[in-house]
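Colleague: Input structure: work.txt, which contains compact mmCIF, C-alpha atoms.
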```
# COMPACT_ATOMS: atom_id res chain seq x y z
CA MET K 1 2.09 -21.19 26.52
CA THR K 2 -0.94 -21.73 24.29
CA GLN K 3 -1.94 -19.97 21.14
CA THR K 4 -5.09 -17.91 21.29
CA THR K 5 -7.97 -17.68 18.89
CA THR K 6 -10.18 -14.70 18.29
CA ASP K 7 -13.94 -14.74 17.78
CA PHE K 8 -14.20 -12.57 14.67
CA THR K 9 -17.85 -13.27 13.90
CA THR K 10 -19.02 -10.04 15.51
CA SER K 11 -16.30 -7.74 14.20
CA PRO K 12 -16.51 -5.78 10.93
CA LEU K 13 -14.42 -7.44 8.24
CA HIS K 14 -12.74 -5.91 5.23
CA PHE K 15 -12.66 -8.98 3.03
CA HIS K 16 -11.81 -9.78 -0.56
CA ALA K 17 -12.32 -13.07 -2.38
CA CYS K 18 -10.40 -16.14 -1.24
CA LEU K 19 -7.36 -17.02 -3.27
CA ASP K 20 -8.47 -20.53 -4.11
CA GLN K 21 -11.20 -18.92 -6.25
CA HIS K 22 -8.47 -17.25 -8.33
CA PRO K 23 -5.95 -19.91 -9.37
CA GLU K 24 -4.85 -17.70 -12.26
CA ARG K 25 -3.35 -15.01 -9.98
CA PRO K 26 0.18 -16.41 -9.56
CA ALA K 27 2.67 -16.07 -12.40
CA SER K 28 3.02 -18.98 -14.82
CA GLY K 29 4.79 -21.90 -13.24
CA GLN K 30 4.23 -20.71 -9.66
CA PRO K 31 2.21 -23.15 -7.54
CA VAL K 32 -1.15 -22.06 -6.16
CA TRP K 33 -1.35 -22.65 -2.41
CA THR K 34 -4.80 -23.05 -0.93
CA VAL K 35 -5.32 -22.10 2.69
CA GLU K 36 -6.00 -25.76 3.43
CA GLN K 37 -2.67 -26.84 1.94
CA VAL K 38 -0.78 -24.24 3.95
CA ALA K 39 -2.70 -25.19 7.10
CA ALA K 40 -1.64 -28.81 6.54
CA LEU K 41 2.01 -27.70 6.67
CA PHE K 42 1.38 -26.00 10.01
CA GLU K 43 -0.07 -29.27 11.33
CA LEU K 44 3.01 -31.37 10.53
CA PRO K 45 5.05 -32.75 13.43
CA PHE K 46 7.58 -30.07 14.32
CA SER K 47 10.67 -32.05 13.31
CA ASP K 48 9.12 -33.03 9.96
CA LEU K 49 8.19 -29.42 9.21
CA ILE K 50 11.65 -28.11 10.07
CA PHE K 51 13.32 -30.85 8.02
CA GLN K 52 11.20 -29.98 5.00
CA ALA K 53 11.84 -26.25 5.39
CA GLN K 54 15.61 -26.76 5.81
CA THR K 55 15.67 -29.00 2.73
CA VAL K 56 13.91 -26.33 0.65
CA HIS K 57 16.20 -23.65 2.07
CA ARG K 58 19.38 -25.55 1.20
CA ALA K 59 18.10 -26.19 -2.32
CA HIS K 60 17.82 -22.46 -3.00
CA PHE K 61 20.23 -20.61 -0.69
CA ASP K 62 23.49 -20.92 1.19
CA PRO K 63 22.03 -21.92 4.59
CA ASN K 64 24.85 -20.20 6.49
CA LEU K 65 24.49 -16.72 4.96
CA ILE K 66 22.35 -14.04 6.65
CA GLU K 67 21.40 -10.66 5.19
CA LEU K 68 21.59 -7.64 7.48
CA ALA K 69 19.12 -4.82 6.84
CA THR K 70 18.75 -1.62 8.84
CA LEU K 71 15.37 0.09 9.32
CA VAL K 72 15.21 3.77 10.25
CA SER K 73 12.13 5.90 10.91
CA VAL K 74 12.60 8.96 8.71
CA LYS K 75 9.22 10.42 9.66
CA THR K 76 7.78 9.31 12.99
CA GLY K 77 4.28 9.42 14.50
CA GLY K 78 1.09 11.24 13.63
CA CYS K 79 -0.30 8.45 11.42
CA PRO K 80 -4.10 8.68 10.91
CA GLU K 81 -4.46 4.89 10.55
CA ASP K 82 -5.84 2.87 13.50
CA CYS K 83 -3.67 -0.27 13.21
CA SER K 84 -4.18 -1.86 16.63
CA TYR K 85 -0.52 -2.83 17.05
CA CYS K 86 1.06 0.49 16.07
CA PRO K 87 2.44 3.05 18.57
CA GLN K 88 2.62 5.69 15.81
CA SER K 89 -1.16 5.97 15.38
CA VAL K 90 -2.81 9.23 16.43
CA HIS K 91 -5.65 7.12 17.84
CA PHE K 92 -3.55 5.78 20.73
CA ASP K 93 -1.64 7.47 23.55
CA THR K 94 1.74 5.75 23.46
CA GLY K 95 4.09 8.67 24.10
CA VAL K 96 5.39 8.72 20.51
CA GLN K 97 5.85 12.28 19.31
CA ALA K 98 5.26 13.21 15.69
CA SER K 99 8.27 14.46 13.76
CA LYS K 100 9.04 15.93 10.35
CA LEU K 101 10.84 14.08 7.57
CA MET K 102 14.56 13.62 8.20
CA GLY K 103 16.98 15.71 6.19
CA VAL K 104 19.43 14.44 3.62
CA GLU K 105 22.54 14.74 5.79
CA THR K 106 20.94 12.90 8.71
CA VAL K 107 19.91 10.04 6.44
CA ARG K 108 23.35 9.94 4.79
CA SER K 109 25.02 9.65 8.21
CA ALA K 110 22.62 6.88 9.27
CA ALA K 111 23.17 4.97 6.02
CA LEU K 112 26.95 5.19 6.31
CA ALA K 113 26.77 3.98 9.91
CA ALA K 114 24.58 1.05 8.83
CA LYS K 115 27.02 0.16 6.06
CA GLU K 116 29.95 0.33 8.47
CA ALA K 117 28.07 -2.05 10.79
CA GLY K 118 27.65 -4.58 7.99
CA ALA K 119 24.16 -3.86 6.60
CA SER K 120 23.59 -4.30 2.87
CA ARG K 121 20.10 -2.76 2.74
CA PHE K 122 18.88 0.50 4.24
CA CYS K 123 15.13 0.74 4.82
CA MET K 124 13.32 4.02 5.47
CA GLY K 125 9.92 4.11 7.15
CA ALA K 126 7.57 7.10 7.24
CA ALA K 127 4.32 7.15 9.21
CA TRP K 128 1.97 8.22 6.46
CA ARG K 129 -1.34 6.71 5.42
CA ALA K 130 -0.61 7.79 1.86
CA PRO K 131 2.16 10.27 0.98
CA LYS K 132 1.48 13.35 -1.12
CA ASP K 133 3.42 13.86 -4.33
CA ARG K 134 5.65 16.44 -2.61
CA ASP K 135 6.44 13.86 0.06
CA ILE K 136 7.42 11.35 -2.63
CA GLU K 137 9.77 13.89 -4.20
CA ALA K 138 11.43 14.47 -0.81
CA VAL K 139 11.81 10.72 -0.21
CA ALA K 140 13.19 10.28 -3.73
CA GLU K 141 16.05 12.58 -2.73
CA LEU K 142 16.67 10.43 0.34
CA VAL K 143 16.69 7.34 -1.88
CA ARG K 144 19.35 8.90 -4.10
CA THR K 145 21.35 9.72 -0.98
CA VAL K 146 21.23 6.12 0.25
CA LYS K 147 22.10 4.71 -3.17
CA ALA K 148 25.16 6.96 -3.30
CA THR K 149 26.54 5.09 -0.26
CA GLY K 150 26.43 1.78 -2.15
CA LEU K 151 23.56 0.30 -0.10
CA GLU K 152 20.31 -1.10 -1.42
CA ALA K 153 17.44 1.28 -0.70
CA CYS K 154 14.02 0.27 0.62
CA ALA K 155 11.10 2.45 1.70
CA THR K 156 7.78 1.93 3.46
CA LEU K 157 5.57 4.99 3.15
CA GLY K 158 1.99 3.71 3.14
CA MET K 159 -0.33 3.50 0.16
CA LEU K 160 0.97 4.72 -3.19
CA SER K 161 -1.12 6.34 -5.93
CA ASN K 162 -0.55 6.15 -9.66
CA GLY K 163 2.85 7.52 -10.68
CA GLN K 164 4.39 7.62 -7.20
CA ALA K 165 6.06 4.23 -7.50
CA GLN K 166 7.58 5.30 -10.80
CA THR K 167 9.08 8.39 -9.15
CA LEU K 168 10.68 6.22 -6.48
CA ARG K 169 11.93 3.75 -9.10
CA ASP K 170 13.53 6.55 -11.10
CA ALA K 171 15.34 7.67 -7.92
CA GLY K 172 16.84 4.18 -7.64
CA LEU K 173 14.59 2.53 -5.04
CA ASP K 174 15.31 -1.21 -4.94
CA TYR K 175 12.51 -2.43 -2.65
CA TYR K 176 9.18 -1.15 -1.43
CA ASN K 177 7.76 -2.58 1.79
CA HIS K 178 4.01 -2.84 2.23
CA ASN K 179 2.87 -5.64 4.53
CA LEU K 180 -0.44 -7.46 4.29
CA ASP K 181 -0.35 -7.78 8.11
CA SER K 182 -2.85 -10.63 8.43
CA ALA K 183 -5.19 -12.98 6.63
CA PRO K 184 -8.10 -11.20 4.94
CA ASP K 185 -10.71 -12.69 7.29
CA PHE K 186 -8.88 -11.34 10.36
CA TYR K 187 -7.86 -7.98 8.94
CA GLY K 188 -10.99 -6.10 10.04
CA ASP K 189 -10.28 -7.05 13.66
CA ILE K 190 -6.98 -5.14 13.51
CA ILE K 191 -7.50 -2.19 11.14
CA SER K 192 -10.59 -0.26 10.06
CA THR K 193 -9.09 2.74 8.23
CA ARG K 194 -8.11 0.91 5.03
CA ASP K 195 -9.25 -2.19 3.18
CA TYR K 196 -7.23 -5.29 2.36
CA GLN K 197 -7.65 -4.47 -1.30
CA ASP K 198 -5.93 -1.12 -0.71
CA ARG K 199 -2.80 -3.01 0.27
CA LEU K 200 -2.99 -5.28 -2.77
CA ASP K 201 -3.46 -2.25 -5.04
CA THR K 202 -0.28 -0.62 -3.72
CA LEU K 203 1.66 -3.84 -4.21
CA ALA K 204 0.40 -4.01 -7.80
CA ARG K 205 1.61 -0.45 -8.46
CA VAL K 206 5.02 -1.31 -7.04
CA ARG K 207 5.26 -4.37 -9.30
CA GLU K 208 4.15 -2.40 -12.35
CA ALA K 209 6.91 0.13 -11.69
CA GLY K 210 9.54 -2.61 -11.64
CA ILE K 211 10.44 -2.25 -7.95
CA SER K 212 11.07 -5.41 -5.93
CA VAL K 213 8.46 -6.18 -3.30
CA CYS K 214 9.05 -6.56 0.43
CA CYS K 215 5.82 -7.84 1.96
CA GLY K 216 5.01 -9.94 5.00
CA GLY K 217 2.85 -9.83 8.08
CA ILE K 218 2.55 -9.94 11.85
CA VAL K 219 1.84 -12.98 14.00
CA GLY K 220 0.68 -13.00 17.60
CA LEU K 221 -2.15 -10.52 17.01
CA GLY K 222 -4.73 -12.97 18.37
CA GLU K 223 -5.25 -14.79 15.09
CA SER K 224 -5.84 -18.54 14.87
CA ARG K 225 -3.41 -20.97 13.27
CA LEU K 226 -5.78 -21.23 10.30
CA GLN K 227 -5.62 -17.46 9.92
CA ARG K 228 -1.82 -17.59 10.01
CA ALA K 229 -2.09 -20.10 7.18
CA GLY K 230 -4.37 -17.65 5.38
CA LEU K 231 -1.74 -14.92 5.62
CA VAL K 232 1.00 -17.16 4.24
CA ALA K 233 -1.29 -18.30 1.41
CA GLU K 234 -1.98 -14.68 0.46
CA LEU K 235 1.74 -13.92 0.35
CA ALA K 236 2.69 -17.10 -1.51
CA ASN K 237 0.02 -16.49 -4.17
CA LEU K 238 1.03 -12.94 -5.01
CA SER K 239 2.09 -12.80 -8.63
CA PRO K 240 4.99 -13.32 -8.17
CA TYR K 241 5.49 -13.81 -4.45
CA PRO K 242 7.63 -11.13 -2.71
CA GLU K 243 11.40 -11.12 -3.00
CA SER K 244 11.55 -10.27 0.72
CA VAL K 245 9.10 -11.58 3.31
CA PRO K 246 9.40 -9.98 6.77
CA ILE K 247 7.70 -12.02 9.49
CA ASN K 248 7.02 -9.83 12.50
CA HIS K 249 6.16 -10.98 16.00
CA LEU K 250 3.79 -8.58 17.76
CA VAL K 251 5.62 -6.09 19.97
CA LYS K 252 3.13 -5.17 22.67
CA VAL K 253 3.21 -1.42 23.31
CA ALA K 254 1.43 0.23 26.23
CA GLY K 255 -1.43 2.38 25.00
CA THR K 256 -2.27 0.27 21.96
CA PRO K 257 -5.32 -2.03 21.90
CA LEU K 258 -3.05 -5.10 21.74
CA ALA K 259 -0.90 -4.15 24.71
CA ASP K 260 -2.31 -7.03 26.78
CA GLN K 261 -2.53 -9.61 24.01
CA PRO K 262 -1.53 -13.08 25.34
CA ASP K 263 1.87 -14.30 24.19
CA LEU K 264 2.12 -16.55 21.17
CA ASP K 265 3.83 -19.91 21.64
CA PRO K 266 7.36 -19.22 20.31
CA LEU K 267 7.37 -22.55 18.47
CA GLU K 268 4.32 -21.34 16.55
CA PHE K 269 6.43 -18.42 15.34
CA VAL K 270 9.12 -20.86 14.21
CA ARG K 271 6.45 -22.86 12.38
CA THR K 272 5.39 -19.69 10.56
CA ILE K 273 8.97 -19.11 9.39
CA ALA K 274 9.20 -22.70 8.15
CA VAL K 275 5.90 -22.54 6.28
CA ALA K 276 6.91 -19.23 4.68
CA ARG K 277 10.17 -20.82 3.50
CA ILE K 278 8.43 -23.86 2.00
CA THR K 279 5.78 -21.85 0.16
CA MET K 280 8.13 -19.06 -1.00
CA PRO K 281 11.38 -20.95 -1.60
CA MET K 282 13.36 -18.18 -3.33
CA ALA K 283 12.32 -15.29 -1.07
CA ARG K 284 14.48 -13.80 1.64
CA VAL K 285 12.53 -14.58 4.79
CA ARG K 286 13.33 -11.95 7.39
CA LEU K 287 13.10 -12.01 11.17
CA SER K 288 11.71 -8.57 11.82
CA ALA K 289 9.98 -6.98 14.82
CA GLY K 290 9.87 -8.88 18.09
CA ARG K 291 13.29 -10.52 18.04
CA GLN K 292 14.26 -8.94 21.35
CA SER K 293 11.73 -11.11 23.21
CA MET K 294 12.55 -14.37 21.39
CA GLY K 295 15.86 -15.33 22.92
CA ASP K 296 18.81 -16.90 21.15
CA ALA K 297 17.41 -20.43 20.97
CA VAL K 298 14.21 -19.41 19.18
CA GLN K 299 16.12 -17.24 16.73
CA ALA K 300 18.49 -20.14 16.04
CA LEU K 301 15.51 -22.37 15.28
CA CYS K 302 14.19 -19.71 12.91
CA PHE K 303 17.47 -19.76 10.98
CA VAL K 304 17.26 -23.55 10.76
CA ALA K 305 13.65 -23.16 9.56
CA GLY K 306 14.79 -20.97 6.66
CA ALA K 307 15.07 -17.36 7.83
CA ASN K 308 18.02 -15.73 6.09
CA SER K 309 17.62 -12.04 6.82
CA ILE K 310 17.28 -9.90 9.95
CA PHE K 311 16.68 -6.28 10.75
CA TYR K 312 19.90 -5.12 12.32
CA GLY K 313 20.28 -2.15 14.63
CA ASP K 314 19.19 -1.01 18.06
CA LYS K 315 15.81 0.36 16.91
CA LEU K 316 13.07 -0.70 14.52
CA LEU K 317 11.15 2.50 13.85
CA THR K 318 10.03 3.21 17.44
CA THR K 319 10.51 -0.17 19.14
CA ASP K 320 13.64 -1.77 20.56
CA ASN K 321 15.71 -4.34 18.69
CA PRO K 322 18.64 -6.49 19.87
CA LEU K 323 21.94 -4.64 20.04
CA GLY K 324 24.18 -5.08 17.03
CA SER K 325 26.88 -6.59 19.23
CA GLU K 326 24.40 -9.19 20.50
CA ASP K 327 23.41 -10.13 16.97
CA GLN K 328 27.03 -10.47 15.88
CA ALA K 329 27.76 -12.65 18.89
CA LEU K 330 24.77 -14.92 18.15
CA LEU K 331 25.66 -15.27 14.48
CA ALA K 332 29.24 -16.12 15.42
CA ARG K 333 28.09 -18.79 17.89
CA LEU K 334 25.95 -20.33 15.15
CA GLY K 335 28.74 -20.17 12.57
CA LEU K 336 26.68 -17.92 10.30
CA GLN K 337 28.17 -15.38 7.91
CA THR K 338 26.66 -12.06 6.84
CA GLY K 339 26.13 -11.01 3.25
CA LYS K 340 23.51 -10.85 0.53
CA PRO K 341 21.92 -14.29 0.03
CA LEU K 342 21.42 -14.95 -3.68
CA PRO K 343 19.03 -17.68 -4.84
CA ARG K 344 20.77 -20.62 -6.47
CA ALA K 345 20.21 -20.96 -10.21
```
Can the structure in the file be given as structure tokens, please?
Modeller:
Amino acid sequence: MTQTTTDFTTSPLHFHACLDQHPERPASGQPVWTVEQVAALFELPFSDLIFQAQTVHRAHFDPNLIELATLVSVKTGGCPEDCSYCPQSVHFDTGVQASKLMGVETVRSAALAAKEAGASRFCMGAAWRAPKDRDIEAVAELVRTVKATGLEACATLGMLSNGQAQTLRDAGLDYYNHNLDSAPDFYGDIISTRDYQDRLDTLARVREAGISVCCGGIVGLGESRLQRAGLVAELANLSPYPESVPINHLVKVAGTPLADQPDLDPLEFVRTIAVARITMPMARVRLSAGRQSMGDAVQALCFVAGANSIFYGDKLLTTDNPLGSEDQALLARLGLQTGKPLPRA
């Protein structure tokens, strides 16, 4: 397979200034990664890149410990955004039906089932562009419900306005997920209903509220390798970089504009995991959407490259995920244990 590039010169872009113009953005003591430096990592011989990533990983984490997180759609479909990869958008006919927010008892049952299956974090996704305050209050009750089970609570609800992150923090929310999706110079090819800066603003509000950040992106959208480097540079230069970094592989869904997107070389996905590990050494790098199409060998390479978290469960929002029994069998074959990876002092 070969990676594809996209001619983005004729597409509208939603662009903000390049990071190498803002070396003061990262927290004190955190390296600034230029896009060129990250691109140079991608260009390393594969074995050299994996060796470097594994060395960094072992310096900061137990390399044989994998975090299990469960992601549940608590409010599905009807999203007004036009993200080209998303089956929950109202702009595309994908067969996904809109639903109301799940009730407390349903979420409690799902959280207890996830805990019984070995998950340590329970993530709730709602297909909103930006929740209303009454929605935030309802989700806050779900957060309290999850926390009462002893699990970490994470939510992904779209853009947050002033005060909403504080409400979620007060309910006990541990993590908020809000992905950058792509490099800024490719973003306008994928989404037109919000700007890149909108995403950065929500992440800033989450940080200000004292909630840990879960933020990553999607590869295989048609971006170039340089644009993948641009995404990783954006993530690595957040101040500070995210505690959790989900790397998603495009799941092609019939009815979306990217349904016929050519496949990404699976080794390019492994390279992305390795580069994320090197540039964000103390983050949990998570294999997220798209694992079902990777196969065991590619997933094993991702663990060697520094991934130490997976989404666990038969569904990720509306798309399929490997069965829990399959994941447990793979981890056992690789001699990996499950638990919460803690960065070494």
Colleague: What's the 10 Å shell around Gly335 of chain K, counting only C-alpha atoms, without same-chain residues fewer than 5 positions away, as a PyMOL selection string?
Modeller: chain K and resi 64-65+329-330
Colleague: Keeping C-alpha atoms for every residue in the selection just given, could you write it to a file as a compact mmCIF listing (two decimals), keeping the file's coordinate frame?
Modeller:
```
# COMPACT_ATOMS: atom_id res chain seq x y z
CA ASN K 64 24.85 -20.20 6.49
CA LEU K 65 24.49 -16.72 4.96
CA ALA K 329 27.76 -12.65 18.89
CA LEU K 330 24.77 -14.92 18.15
```
Colleague: Between atom CA of Gly230 of chain K and atom CA of Asp185 of chain K, measure the distance and give it in Å to one decimal.
Modeller: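 Atom CA of Asp185 of chain K lies 8.3 Å from atom CA of Gly230 of chain K.
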Colleague: Identify, on the basis of all atoms listed in the file, every residue whose closest approach to segment 132-134 of chain K does not exceed 10 Å; exclude the query and any residue fewer than 6 positions from it along the same chain; express the result as a ChimeraX atom specification.
Modeller: /K:140,160-161,163-164,167
Colleague: Tell me which of K:Lys75, K:Arg333, K:Arg291, K:Arg228 sits closest to Ser99 of chain K, counting only C-alpha atoms.
Modeller: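 The closest residue to Ser99 of chain K is K:Lys75.
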Colleague: Enter the distance from atom CA of Glu36 of chain K to atom CA of Leu226 of chain K, in Å, rounded to one decimal.
Modeller: 8.2 Å
Colleague: If we count only C-alpha atoms and set the cut-off at 12 Å, which residues sit around Asp48 of chain K, ignoring sequence neighbours fewer than 5 positions away in its own chain? Please answer as a list in words.
Modeller: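 Skipping anything fewer than 5 positions along the chain leaves Leu41, Phe42, Glu43, Ala53, Gln54, Thr55, Arg271, Ala274, Val275 and Ala305 of chain K.
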Colleague: May I have the protein, DNA and RNA residues with any atom at most 12 Å from the point (23.9, 2.5, 12.3), counting all atoms listed in the file, written as a ChimeraX atom specification?
Modeller: /K:68-72,106-123,311-316,323-325
Colleague: If I take atom CA of Pro262 of chain K and atom CA of Gly188 of chain K, how far is one from the other in Å, to one decimal?
Modeller: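 That distance, rounded to one decimal, is 19.3 Å.
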Colleague: Using all atoms listed in the file, can you tell me which of K:His249, K:Ile211, K:Val38, K:Thr256 comes closest to Arg225 of chain K?
Modeller: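 Nearest candidate to Arg225 of chain K out of K:His249, K:Ile211, K:Val38, K:Thr256: K:Val38.
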Colleague: Would you pick out the contacts of Met282 of chain K at 9 Å or less, using only C-alpha atoms, so that residues sharing its chain but fewer than 4 positions from it are not included, and give the list as a PyMOL selection string?
Modeller: chain K and resi 57+60-61+243+277+342-344
Colleague: Just the selected residues (C-alpha atoms), exported as a PDB file, in the coordinates of the input, please.
Modeller:
```pdb
ATOM      1  CA  HIS K  57      16.200 -23.650   2.070  1.00  0.00           C
ATOM      2  CA  HIS K  60      17.820 -22.460  -3.000  1.00  0.00           C
ATOM      3  CA  PHE K  61      20.230 -20.610  -0.690  1.00  0.00           C
ATOM      4  CA  GLU K 243      11.400 -11.120  -3.000  1.00  0.00           C
ATOM      5  CA  ARG K 277      10.170 -20.820   3.500  1.00  0.00           C
ATOM      6  CA  LEU K 342      21.420 -14.950  -3.680  1.00  0.00           C
ATOM      7  CA  PRO K 343      19.030 -17.680  -4.840  1.00  0.00           C
ATOM      8  CA  ARG K 344      20.770 -20.620  -6.470  1.00  0.00           C
TER       9      ARG K 344
END
```
Colleague: From the list K:Gln299, K:His178, K:Pro45, K:Gly125, which residue is nearest Pro246 of chain K when using only C-alpha atoms?
Modeller: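 When distances to Pro246 of chain K are compared using only C-alpha atoms, the smallest one comes from K:His178.
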